[in-house]
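K.L.:
Pasting a structure below so you can have a look.
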Amino acid sequence: MAKPFLEIQGLTKRIGHRVLFENISFTVNEREHIGLIAKNGTGKSTLLSIIAGQEGNDGGKMIFRNDLKVGYLEQTPHIDGHKLAGLDDEYLQRYKQLLTQMKITPEEAERPEAQLSGGQVKRIALARVLAGEPDMLILDEPTNHLDLQMIEWLENLLRRSTMAILMVTHDRYFLDRICSSIIEMDNSRIYTYQGNYAYYLEKRQERIDNMNAEIARANNLYRTELEWMRSTPCARSSKARYRIESFYELEKVAKQRIEERNVRLEIGGTYIGNKIFEAKDVCKAFGEHIILKDFNYNFARYEKLGIVGNNGTGKSTFVKMLLGIEPHDSGTIEIGETVRFGYYSQQGMAFNEDQKVIDAVRDIAEYVDMGNGEKLSASQFLQHFLFPPEEQYSYIYKLSGGEKRRLYLCTVLMKAPNFLILDEPTNDLDIVTLQILEEYLKNFRGCLIIVSHDRYFMDRVVDHTLVFHGNGNIQDFPGSYSQYRDWEEQNEKPQEVEKPQTKSEKKTDGRNQNRARKLTFKEKQEYNQLEQDIAALETEKKQIETALCGGTTSIEEITEMSKRLPLLSAELEEKEMRWLELAEFA
């Protein structure tokens with residue numbers, strides 16, 4: 001039987017008048033790997049900090065096993081001031097081995113934090129925690145700032161580990177492959193699921209469905225009991241006390257709300273033409289560090305491109321050149337006249353911390369065009385981004401890191417761009433927000449570039465992948481990142497076997513480079529679906545036109561059909577245009 005390493009009993013934490021969690025209880029057992037899931041701002045990082053002894057609580061108990069050694073990796077670790085002098089030789093040997101495995105040189109490990117990248121700081125902090133060989137490991141967003149190679153290395157290490165692990169992460173592959181239990185914090189309560197992330201999704205939905213059914217039953221009974229309570233008020237004292245007490249308990253259940261606060265990102269984009277951008281023989285280097293070398297690329301309309309690669313290979317520099325933020329050394333980059341960029345970057349979040357949430361949005365626009373003639377006020381728009389009215393008048397400095405990221409995403413998307421560039425969009429966003437963002441991006445009628453280390457997110461959204469190998473070597477792979485990794489593993493020497501030709505390898509001879517390419521698997525599916533959609537839309541259009549001319553349609557039906565017809569025609573025109581584009585390569 002597993003031995004408990006840690007027992008949390010009735011733990012409570014408040015920040016001012018805000019209750020993060022109240023009277024929560026759970027257990028971490030020996031060798032158990034637990035993932036902690038909750039919306040941004042509900043206290044995940046605070047809970048880990050309390051357990052690690054970095055922060056106090058407002059009630060409850062934490063009972064640790066005697067002599068339990070706990071290791072803690074903060075979400076944003078700081079390594080300055082960590083003294084290695086006096087530590088035993090065994091620790092130092094393990095520490096140096098881990099640094100080597102994480103590709104950190106001894107010189108880098110000795111530098112001040114200010115001279116290191118976020119990824120280097122994260123790896124050094126990880127090495128220091130793991131070298132201590134803790135019995136229980138607490139990890140707050142361990143994959144943030146790590147490249148894919150390091151994430152996979154850490155994933156394999158933790159999967160085999162006998163340490164107890166309690167972690168918060170947005171990386172769903174990482175979560176699914178490491179954790180055997182999920183703890184969800186929702187509405188200040190704790191729910192435990194004995195299974196991985198996939199099991200959690202299934203059982204969570206069952207819990208919500210059951211709770212909704214319970215609330216519906218309570219509401220039906222509540223109406224009857226409320227009528228009883230209101231009858232003959234003067235005789236209230238003579239009524240059965242147990243029935244009165246039961247009424248108030250019933251009232252609590254009936255007034256519950258299972259609030260699935262989804263981010264509905266149904267924002268109307270602007271038209272984008274056939275010419276997007278074309279890169280010809282583009283070169284870029286910082287001294288001897290080559291980023292691009294004779295790079296050629298012709299971006300297609302509605303293309304969804306993922307960019308992956310190790311830290312330092314130039315991914316962020318590439319998108320900055322496209323945006324005109326970073327100059328290129330030679331070659332040309334031509335941007336289409338209709339292109340309207342929306343840029344979400346790792347460093348782009350710059351708010352006036354003393355400003356209120358609602359004012360940060362109103363500074364951009366009082367109203368947001370959602371498409372189809374619908375407009376939302378700034379306040380209504382914020383509610384779609386999980387900011388209820390009472391939180392919109394909070395000051396930005398009071399928001400958690402994830403809430404600030406969500407607000408930043410809101411300010412980018414409300415400008416209705418037709419070409420989105422998202423540089424590490426998943427860092428600090430909760431899983432609920434990521435799921436809705438994925439759905440929006442899958443249906444986004446524009447162009448998309450995503451730079452990300454989140455494999456799950458990339459697999460769900462992108463059509464094909466640029467792999468930055470470093471030193472100007474960029475591989476164009478016609479599939480998702482997971483498909484690329486499968487292909488790579490099947491070929492011991494991937495650079496020597498036949499593989500998809502990169503666009504940078506194709507000669508620019510004045511012809512449209514897109515003519516040489518074939519449809520990807522997703523594009524073939526889209527092509528076939530478009531044929532069905534167009535046929536269905538044409539049928540619906542004919543039916544409406546016939547009904548409008550028939551003379552037997554009611555005024556209400558005519559009004560609705562008159563609204564539907566122009567929307568139908570626009571949708572049909574758009575799908576036909578896309579079908580023609582794909583038909584060129586079919």
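Just so we're on the same page: first chain in the structure tokens is A, next is B, and so on; residues restart at 1 for each chain, and ligands are numbered from 1 in the order they show up.
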Run DSSP on the backbone and give me the residues of segment 382-551 of chain A it puts in strand (DSSP E or B), as number ranges by chain.

P.N.:
A: 395, 419-423, 447-451, 464-470, 473-477

K.L.:
Quick check for you: according to DSSP on this backbone, which residues of segment 309-500 of chain A are classed as alpha helix (DSSP H)? Reply as a PyMOL selection string.

P.N.:
chain A and resi 315-323+357-362+378-384+389-392+401-413+431-442+455-461+481-490

K.L.:
Write the residues of the selection above to a file with C-alpha atoms, as a PDB file, in the first residue's frame.

P.N.:
```
ATOM      1  CA  LYS A 315      12.737  31.196 -34.762  1.00  0.00           C
ATOM      2  CA  SER A 316      11.750  34.479 -33.117  1.00  0.00           C
ATOM      3  CA  THR A 317      14.242  36.416 -35.257  1.00  0.00           C
ATOM      4  CA  PHE A 318      12.595  34.966 -38.373  1.00  0.00           C
ATOM      5  CA  VAL A 319       9.108  36.248 -37.496  1.00  0.00           C
ATOM      6  CA  LYS A 320      10.521  39.632 -36.475  1.00  0.00           C
ATOM      7  CA  MET A 321      12.078  39.946 -39.935  1.00  0.00           C
ATOM      8  CA  LEU A 322       8.721  39.137 -41.507  1.00  0.00           C
ATOM      9  CA  LEU A 323       7.107  41.868 -39.405  1.00  0.00           C
ATOM     10  CA  VAL A 357      -8.496  45.858 -17.129  1.00  0.00           C
ATOM     11  CA  ILE A 358     -11.458  47.503 -18.888  1.00  0.00           C
ATOM     12  CA  ASP A 359      -9.423  50.634 -19.672  1.00  0.00           C
ATOM     13  CA  ALA A 360      -6.643  48.617 -21.346  1.00  0.00           C
ATOM     14  CA  VAL A 361      -9.232  47.309 -23.819  1.00  0.00           C
ATOM     15  CA  ARG A 362     -11.062  50.616 -24.265  1.00  0.00           C
ATOM     16  CA  ALA A 378     -15.343  46.350 -24.588  1.00  0.00           C
ATOM     17  CA  SER A 379     -16.969  44.967 -21.432  1.00  0.00           C
ATOM     18  CA  GLN A 380     -18.914  42.298 -23.309  1.00  0.00           C
ATOM     19  CA  PHE A 381     -15.804  41.326 -25.246  1.00  0.00           C
ATOM     20  CA  LEU A 382     -13.799  40.884 -22.044  1.00  0.00           C
ATOM     21  CA  GLN A 383     -16.411  38.488 -20.708  1.00  0.00           C
ATOM     22  CA  HIS A 384     -15.616  36.158 -23.613  1.00  0.00           C
ATOM     23  CA  PRO A 389     -17.737  42.432 -14.951  1.00  0.00           C
ATOM     24  CA  GLU A 390     -16.561  42.478 -11.340  1.00  0.00           C
ATOM     25  CA  GLU A 391     -12.972  41.655 -12.414  1.00  0.00           C
ATOM     26  CA  GLN A 392     -12.871  44.174 -15.269  1.00  0.00           C
ATOM     27  CA  GLY A 401       0.720  35.949 -14.924  1.00  0.00           C
ATOM     28  CA  GLY A 402      -1.771  33.796 -16.826  1.00  0.00           C
ATOM     29  CA  GLU A 403      -4.543  36.396 -16.539  1.00  0.00           C
ATOM     30  CA  LYS A 404      -2.218  39.072 -17.947  1.00  0.00           C
ATOM     31  CA  ARG A 405      -1.376  36.756 -20.861  1.00  0.00           C
ATOM     32  CA  ARG A 406      -5.090  36.214 -21.489  1.00  0.00           C
ATOM     33  CA  LEU A 407      -5.669  39.981 -21.498  1.00  0.00           C
ATOM     34  CA  TYR A 408      -2.755  40.420 -23.911  1.00  0.00           C
ATOM     35  CA  LEU A 409      -4.269  37.815 -26.245  1.00  0.00           C
ATOM     36  CA  CYS A 410      -7.567  39.713 -26.051  1.00  0.00           C
ATOM     37  CA  THR A 411      -5.902  42.965 -27.164  1.00  0.00           C
ATOM     38  CA  VAL A 412      -4.226  41.221 -30.131  1.00  0.00           C
ATOM     39  CA  LEU A 413      -7.330  39.449 -31.446  1.00  0.00           C
ATOM     40  CA  ILE A 431      -5.712  24.564 -20.425  1.00  0.00           C
ATOM     41  CA  VAL A 432      -9.312  25.838 -20.752  1.00  0.00           C
ATOM     42  CA  THR A 433      -8.117  28.932 -22.627  1.00  0.00           C
ATOM     43  CA  LEU A 434      -5.804  26.827 -24.808  1.00  0.00           C
ATOM     44  CA  GLN A 435      -8.629  24.508 -25.848  1.00  0.00           C
ATOM     45  CA  ILE A 436     -10.795  27.410 -27.011  1.00  0.00           C
ATOM     46  CA  LEU A 437      -7.859  29.154 -28.680  1.00  0.00           C
ATOM     47  CA  GLU A 438      -7.169  25.943 -30.619  1.00  0.00           C
ATOM     48  CA  GLU A 439     -10.738  25.816 -31.900  1.00  0.00           C
ATOM     49  CA  TYR A 440     -10.561  29.438 -32.981  1.00  0.00           C
ATOM     50  CA  LEU A 441      -7.258  28.961 -34.818  1.00  0.00           C
ATOM     51  CA  LYS A 442      -8.469  25.814 -36.586  1.00  0.00           C
ATOM     52  CA  ARG A 455       3.509  19.659 -29.203  1.00  0.00           C
ATOM     53  CA  TYR A 456      -0.185  19.061 -28.462  1.00  0.00           C
ATOM     54  CA  PHE A 457      -1.114  22.619 -29.420  1.00  0.00           C
ATOM     55  CA  MET A 458       0.892  22.451 -32.657  1.00  0.00           C
ATOM     56  CA  ASP A 459      -0.540  19.065 -33.652  1.00  0.00           C
ATOM     57  CA  ARG A 460      -4.065  20.402 -33.248  1.00  0.00           C
ATOM     58  CA  VAL A 461      -3.618  23.533 -35.347  1.00  0.00           C
ATOM     59  CA  TYR A 481       5.488  18.086 -35.353  1.00  0.00           C
ATOM     60  CA  SER A 482       4.524  14.623 -34.071  1.00  0.00           C
ATOM     61  CA  GLN A 483       4.454  13.336 -37.650  1.00  0.00           C
ATOM     62  CA  TYR A 484       7.900  14.857 -38.177  1.00  0.00           C
ATOM     63  CA  ARG A 485       9.239  13.110 -35.056  1.00  0.00           C
ATOM     64  CA  ASP A 486       7.777   9.794 -36.240  1.00  0.00           C
ATOM     65  CA  TRP A 487       9.425  10.282 -39.636  1.00  0.00           C
ATOM     66  CA  GLU A 488      12.717  11.242 -38.012  1.00  0.00           C
ATOM     67  CA  GLU A 489      12.738   8.181 -35.739  1.00  0.00           C
ATOM     68  CA  GLN A 490      12.064   5.872 -38.682  1.00  0.00           C
TER      69      GLN A 490
END
```

K.L.:
Determine, counting only C-alpha atoms, which protein, DNA and RNA residues have an atom within 9 Å of an atom of segment 140-147 of chain A; residues of the same chain fewer than 3 positions away are not included. Present the result as a PDB file with N, CA and C atoms, in the first residue's frame.

P.N.:
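This is the output file part-v2.pdb:
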```pdb
ATOM      1  N   LYS A  44      -3.098  28.153  -8.412  1.00  0.00           N
ATOM      2  CA  LYS A  44      -2.258  26.966  -8.601  1.00  0.00           C
ATOM      3  C   LYS A  44      -0.831  27.210  -8.109  1.00  0.00           C
ATOM      4  N   SER A  45      -0.219  28.287  -8.619  1.00  0.00           N
ATOM      5  CA  SER A  45       1.160  28.591  -8.221  1.00  0.00           C
ATOM      6  C   SER A  45       1.252  28.921  -6.738  1.00  0.00           C
ATOM      7  N   LEU A  48       1.288  25.655  -4.744  1.00  0.00           N
ATOM      8  CA  LEU A  48       2.600  24.999  -4.789  1.00  0.00           C
ATOM      9  C   LEU A  48       3.608  25.738  -3.917  1.00  0.00           C
ATOM     10  N   TYR A  72      11.719  21.995  -5.218  1.00  0.00           N
ATOM     11  CA  TYR A  72      10.721  22.921  -5.743  1.00  0.00           C
ATOM     12  C   TYR A  72      11.302  23.721  -6.892  1.00  0.00           C
ATOM     13  N   LEU A  73      10.656  23.647  -8.051  1.00  0.00           N
ATOM     14  CA  LEU A  73      11.021  24.469  -9.208  1.00  0.00           C
ATOM     15  C   LEU A  73       9.934  25.503  -9.414  1.00  0.00           C
ATOM     16  N   GLU A  74      10.280  26.761  -9.221  1.00  0.00           N
ATOM     17  CA  GLU A  74       9.319  27.844  -9.406  1.00  0.00           C
ATOM     18  C   GLU A  74       9.012  28.066 -10.881  1.00  0.00           C
ATOM     19  N   GLN A  75       7.890  28.710 -11.160  1.00  0.00           N
ATOM     20  CA  GLN A  75       7.510  29.014 -12.534  1.00  0.00           C
ATOM     21  C   GLN A  75       8.549  29.928 -13.194  1.00  0.00           C
ATOM     22  N   THR A  76       9.001  30.922 -12.457  1.00  0.00           N
ATOM     23  CA  THR A  76      10.067  31.811 -12.941  1.00  0.00           C
ATOM     24  C   THR A  76      11.204  31.746 -11.926  1.00  0.00           C
ATOM     25  N   SER A 117      19.737  33.348 -21.048  1.00  0.00           N
ATOM     26  CA  SER A 117      18.380  33.330 -21.599  1.00  0.00           C
ATOM     27  C   SER A 117      17.434  32.657 -20.605  1.00  0.00           C
ATOM     28  N   GLY A 118      16.114  32.812 -20.855  1.00  0.00           N
ATOM     29  CA  GLY A 118      15.135  32.164 -19.981  1.00  0.00           C
ATOM     30  C   GLY A 118      15.292  30.654 -19.980  1.00  0.00           C
ATOM     31  N   GLY A 119      15.608  30.082 -21.147  1.00  0.00           N
ATOM     32  CA  GLY A 119      15.798  28.639 -21.241  1.00  0.00           C
ATOM     33  C   GLY A 119      17.011  28.155 -20.471  1.00  0.00           C
ATOM     34  N   GLN A 120      18.099  28.925 -20.501  1.00  0.00           N
ATOM     35  CA  GLN A 120      19.297  28.551 -19.750  1.00  0.00           C
ATOM     36  C   GLN A 120      19.044  28.611 -18.242  1.00  0.00           C
ATOM     37  N   VAL A 121      18.365  29.667 -17.800  1.00  0.00           N
ATOM     38  CA  VAL A 121      18.039  29.786 -16.363  1.00  0.00           C
ATOM     39  C   VAL A 121      17.182  28.603 -15.919  1.00  0.00           C
ATOM     40  N   LYS A 122      16.188  28.224 -16.747  1.00  0.00           N
ATOM     41  CA  LYS A 122      15.288  27.131 -16.394  1.00  0.00           C
ATOM     42  C   LYS A 122      16.055  25.818 -16.281  1.00  0.00           C
ATOM     43  N   ARG A 123      16.977  25.565 -17.204  1.00  0.00           N
ATOM     44  CA  ARG A 123      17.734  24.312 -17.178  1.00  0.00           C
ATOM     45  C   ARG A 123      18.685  24.243 -15.981  1.00  0.00           C
ATOM     46  N   LEU A 126      16.574  23.584 -12.942  1.00  0.00           N
ATOM     47  CA  LEU A 126      16.158  22.180 -12.948  1.00  0.00           C
ATOM     48  C   LEU A 126      17.282  21.280 -12.478  1.00  0.00           C
ATOM     49  N   MET A 150      14.716  19.427 -25.025  1.00  0.00           N
ATOM     50  CA  MET A 150      14.815  19.379 -23.568  1.00  0.00           C
ATOM     51  C   MET A 150      13.515  18.905 -22.919  1.00  0.00           C
ATOM     52  N   ILE A 151      12.375  19.300 -23.512  1.00  0.00           N
ATOM     53  CA  ILE A 151      11.083  18.840 -22.975  1.00  0.00           C
ATOM     54  C   ILE A 151      10.996  17.322 -23.062  1.00  0.00           C
ATOM     55  N   GLU A 152      11.386  16.756 -24.196  1.00  0.00           N
ATOM     56  CA  GLU A 152      11.329  15.304 -24.361  1.00  0.00           C
ATOM     57  C   GLU A 152      12.320  14.595 -23.434  1.00  0.00           C
ATOM     58  N   LEU A 154      13.319  15.737 -20.444  1.00  0.00           N
ATOM     59  CA  LEU A 154      12.745  15.824 -19.097  1.00  0.00           C
ATOM     60  C   LEU A 154      11.561  14.878 -18.948  1.00  0.00           C
ATOM     61  N   LEU A 166       4.314  16.502  -7.883  1.00  0.00           N
ATOM     62  CA  LEU A 166       3.120  17.355  -7.926  1.00  0.00           C
ATOM     63  C   LEU A 166       3.467  18.511  -8.847  1.00  0.00           C
ATOM     64  N   MET A 167       2.746  18.637  -9.976  1.00  0.00           N
ATOM     65  CA  MET A 167       3.149  19.670 -10.925  1.00  0.00           C
ATOM     66  C   MET A 167       1.964  20.368 -11.571  1.00  0.00           C
ATOM     67  N   VAL A 168       2.237  21.589 -11.988  1.00  0.00           N
ATOM     68  CA  VAL A 168       1.329  22.378 -12.800  1.00  0.00           C
ATOM     69  C   VAL A 168       1.980  22.539 -14.164  1.00  0.00           C
ATOM     70  N   THR A 169       1.268  22.212 -15.229  1.00  0.00           N
ATOM     71  CA  THR A 169       1.780  22.398 -16.580  1.00  0.00           C
ATOM     72  C   THR A 169       0.627  22.578 -17.548  1.00  0.00           C
ATOM     73  N   HIS A 170       0.868  23.378 -18.606  1.00  0.00           N
ATOM     74  CA  HIS A 170      -0.126  23.529 -19.671  1.00  0.00           C
ATOM     75  C   HIS A 170       0.149  22.554 -20.801  1.00  0.00           C
ATOM     76  N   ASP A 171       1.302  21.856 -20.767  1.00  0.00           N
ATOM     77  CA  ASP A 171       1.698  20.943 -21.838  1.00  0.00           C
ATOM     78  C   ASP A 171       0.957  19.620 -21.662  1.00  0.00           C
ATOM     79  N   PHE A 174       2.905  16.303 -22.105  1.00  0.00           N
ATOM     80  CA  PHE A 174       3.760  16.143 -20.924  1.00  0.00           C
ATOM     81  C   PHE A 174       2.928  15.654 -19.735  1.00  0.00           C
ATOM     82  N   VAL A 308       9.307  25.111 -35.302  1.00  0.00           N
ATOM     83  CA  VAL A 308       9.913  24.471 -34.138  1.00  0.00           C
ATOM     84  C   VAL A 308      11.421  24.458 -34.313  1.00  0.00           C
ATOM     85  N   GLY A 309      12.115  24.204 -33.221  1.00  0.00           N
ATOM     86  CA  GLY A 309      13.577  24.138 -33.254  1.00  0.00           C
ATOM     87  C   GLY A 309      14.128  24.449 -31.883  1.00  0.00           C
ATOM     88  N   ASN A 310      15.384  24.099 -31.690  1.00  0.00           N
ATOM     89  CA  ASN A 310      16.019  24.352 -30.404  1.00  0.00           C
ATOM     90  C   ASN A 310      16.167  25.849 -30.156  1.00  0.00           C
ATOM     91  N   ASN A 311      16.310  26.208 -28.894  1.00  0.00           N
ATOM     92  CA  ASN A 311      16.526  27.610 -28.545  1.00  0.00           C
ATOM     93  C   ASN A 311      17.799  28.112 -29.216  1.00  0.00           C
ATOM     94  N   GLU A 424       5.226  31.603 -28.995  1.00  0.00           N
ATOM     95  CA  GLU A 424       5.038  30.942 -27.692  1.00  0.00           C
ATOM     96  C   GLU A 424       3.739  31.397 -27.013  1.00  0.00           C
ATOM     97  N   THR A 426       1.379  29.613 -25.699  1.00  0.00           N
ATOM     98  CA  THR A 426       0.814  28.737 -24.673  1.00  0.00           C
ATOM     99  C   THR A 426       1.407  28.969 -23.290  1.00  0.00           C
ATOM    100  N   ASN A 427       2.555  29.654 -23.200  1.00  0.00           N
ATOM    101  CA  ASN A 427       3.159  29.887 -21.893  1.00  0.00           C
ATOM    102  C   ASN A 427       2.209  30.666 -20.990  1.00  0.00           C
ATOM    103  N   ASP A 428       1.966  30.135 -19.822  1.00  0.00           N
ATOM    104  CA  ASP A 428       1.171  30.790 -18.762  1.00  0.00           C
ATOM    105  C   ASP A 428      -0.334  30.808 -19.003  1.00  0.00           C
ATOM    106  N   SER A 452       6.186  27.524 -31.296  1.00  0.00           N
ATOM    107  CA  SER A 452       5.787  26.938 -30.012  1.00  0.00           C
ATOM    108  C   SER A 452       6.559  25.665 -29.725  1.00  0.00           C
ATOM    109  N   HIS A 453       6.719  25.392 -28.428  1.00  0.00           N
ATOM    110  CA  HIS A 453       7.281  24.123 -27.962  1.00  0.00           C
ATOM    111  C   HIS A 453       6.176  23.202 -27.448  1.00  0.00           C
ATOM    112  N   ASP A 454       4.924  23.627 -27.575  1.00  0.00           N
ATOM    113  CA  ASP A 454       3.794  22.826 -27.106  1.00  0.00           C
ATOM    114  C   ASP A 454       3.358  21.894 -28.232  1.00  0.00           C
TER     115      ASP A 454
END
```

K.L.:
For Ile335 of chain A, find every residue with an atom within 8 Å (counting only C-alpha atoms), except residues of its own chain fewer than 2 positions away, and show them as an mmCIF file with C-alpha atoms, in the first residue's frame.

P.N.:
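For reference, around05.cif as written:
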```
data_model
loop_
_atom_site.group_PDB
_atom_site.id
_atom_site.type_symbol
_atom_site.label_atom_id
_atom_site.label_comp_id
_atom_site.auth_asym_id
_atom_site.auth_seq_id
_atom_site.Cartn_x
_atom_site.Cartn_y
_atom_site.Cartn_z
ATOM 1 C CA LYS A 275 -0.544 37.679 -52.333
ATOM 2 C CA ILE A 276 0.593 37.151 -48.745
ATOM 3 C CA PHE A 277 4.363 37.323 -48.526
ATOM 4 C CA GLU A 278 7.252 36.062 -50.590
ATOM 5 C CA ILE A 333 10.620 40.051 -48.385
ATOM 6 C CA GLU A 337 -1.171 44.960 -49.568
ATOM 7 C CA VAL A 339 -2.104 41.693 -45.057
#
```

K.L.:
Which neighbours of segment 292-303 of chain A fall inside 6 Å, counting only C-alpha atoms, when residues of the same chain fewer than 4 positions from it are skipped, and could you give them as a list in words?

P.N.:
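The residues satisfying every condition are Asn274, Ile276, Phe277, Glu278, Ala279, Lys280, Asp281, Val282, Cys283, Lys284, Gly446, Cys447, Gly472, Lys503 and Ser504 of chain A.
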
K.L.:
Can those selected residues be exported to a file as a short mmCIF file (atom, residue, chain, number, x, y, z; two decimals), in the first residue's frame so that it contains N, CA and C atoms?

P.N.:
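Dumped to part32.cif:
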```cif
data_model
loop_
_atom_site.label_atom_id
_atom_site.label_comp_id
_atom_site.auth_asym_id
_atom_site.auth_seq_id
_atom_site.Cartn_x
_atom_site.Cartn_y
_atom_site.Cartn_z
N ASN A 274 -4.70 37.18 -52.39
CA ASN A 274 -3.92 36.01 -52.78
C ASN A 274 -2.43 36.20 -52.52
N ILE A 276 0.39 37.05 -50.20
CA ILE A 276 0.59 37.15 -48.74
C ILE A 276 1.99 37.69 -48.47
N PHE A 277 2.99 36.83 -48.54
CA PHE A 277 4.36 37.32 -48.53
C PHE A 277 5.25 36.35 -49.26
N GLU A 278 6.31 36.89 -49.85
CA GLU A 278 7.25 36.06 -50.59
C GLU A 278 8.66 36.44 -50.17
N ALA A 279 9.41 35.44 -49.73
CA ALA A 279 10.81 35.64 -49.36
C ALA A 279 11.70 35.09 -50.46
N LYS A 280 12.65 35.90 -50.91
CA LYS A 280 13.55 35.48 -51.99
C LYS A 280 15.00 35.66 -51.54
N ASP A 281 15.70 34.53 -51.45
CA ASP A 281 17.15 34.52 -51.16
C ASP A 281 17.48 35.35 -49.91
N VAL A 282 16.68 35.21 -48.86
CA VAL A 282 16.87 36.01 -47.65
C VAL A 282 17.99 35.42 -46.81
N CYS A 283 18.89 36.29 -46.38
CA CYS A 283 20.00 35.89 -45.51
C CYS A 283 19.99 36.74 -44.24
N LYS A 284 20.38 36.11 -43.14
CA LYS A 284 20.46 36.82 -41.86
C LYS A 284 21.47 36.12 -40.97
N GLY A 446 -7.69 33.13 -42.19
CA GLY A 446 -6.55 33.99 -42.47
C GLY A 446 -5.29 33.14 -42.44
N CYS A 447 -4.15 33.77 -42.41
CA CYS A 447 -2.88 33.05 -42.35
C CYS A 447 -2.39 33.00 -40.91
N GLY A 472 21.33 28.10 -40.24
CA GLY A 472 20.65 28.39 -41.49
C GLY A 472 19.98 27.21 -42.16
N LYS A 503 11.46 24.41 -49.00
CA LYS A 503 11.21 25.51 -49.91
C LYS A 503 12.46 26.36 -50.11
N SER A 504 13.37 26.34 -49.09
CA SER A 504 14.60 27.09 -49.26
C SER A 504 15.53 26.41 -50.25
#
```

K.L.:
Excluding same-chain residues fewer than 3 positions from Phe26 of chain A, what lies within 10 Å of it counting only C-alpha atoms, as a ChimeraX atom specification?

P.N.:
/A:6-11,29,62,183,190-192

K.L.:
Need the shell around Arg177 of chain A: protein/DNA/RNA residues with any atom at most 8 Å away, counting only C-alpha atoms. Skip same-chain ones fewer than 6 positions apart. Format as a PDB file with N, CA and C atoms, in the first residue's frame?

P.N.:
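As a result, result25.pdb now contains:
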```pdb
ATOM      1  N   GLU A 155      10.758  14.784 -19.988  1.00  0.00           N
ATOM      2  CA  GLU A 155       9.606  13.881 -19.971  1.00  0.00           C
ATOM      3  C   GLU A 155      10.042  12.437 -19.735  1.00  0.00           C
ATOM      4  N   ARG A 159       9.152  10.254 -16.314  1.00  0.00           N
ATOM      5  CA  ARG A 159       8.314   9.055 -16.485  1.00  0.00           C
ATOM      6  C   ARG A 159       8.920   7.867 -15.746  1.00  0.00           C
ATOM      7  N   ASN A 196      -4.878   9.466 -16.123  1.00  0.00           N
ATOM      8  CA  ASN A 196      -4.107  10.506 -16.802  1.00  0.00           C
ATOM      9  C   ASN A 196      -5.016  11.617 -17.324  1.00  0.00           C
TER      10      ASN A 196
END
```

K.L.:
Counting only C-alpha atoms, which residue out of A:Pro327, A:Pro566, A:Gly86, A:Pro77 sits closest to Ile124 of chain A?

P.N.:
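Ranking A:Pro327, A:Pro566, A:Gly86, A:Pro77 by distance to Ile124 of chain A, first place goes to A:Pro77.
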
K.L.:
List as a tab-separated table every residue of segment 106-144 of chain A that is in contact with segment 64-68 of chain A, defined as an atom at most 12 Å from one of its atoms (using only C-alpha atoms), together with the nearest atom pair and the distance in Å rounded to one decimal, sorted by chain and then rising number.

P.N.:
```
residue	atom	partner	partner_atom	distance
A:Glu133	CA	A:Leu68	CA	11.2
A:Pro134	CA	A:Leu68	CA	8.0
A:Asp135	CA	A:Leu68	CA	6.3
A:Met136	CA	A:Leu68	CA	7.5
A:Leu137	CA	A:Leu68	CA	10.7
```

K.L.:
What does the distance from atom CA of Ile534 of chain A to atom CA of Glu574 of chain A come to in Å, to one decimal?

P.N.:
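Atom-to-atom, atom CA of Ile534 of chain A and atom CA of Glu574 of chain A are spaced 9.8 Å apart.
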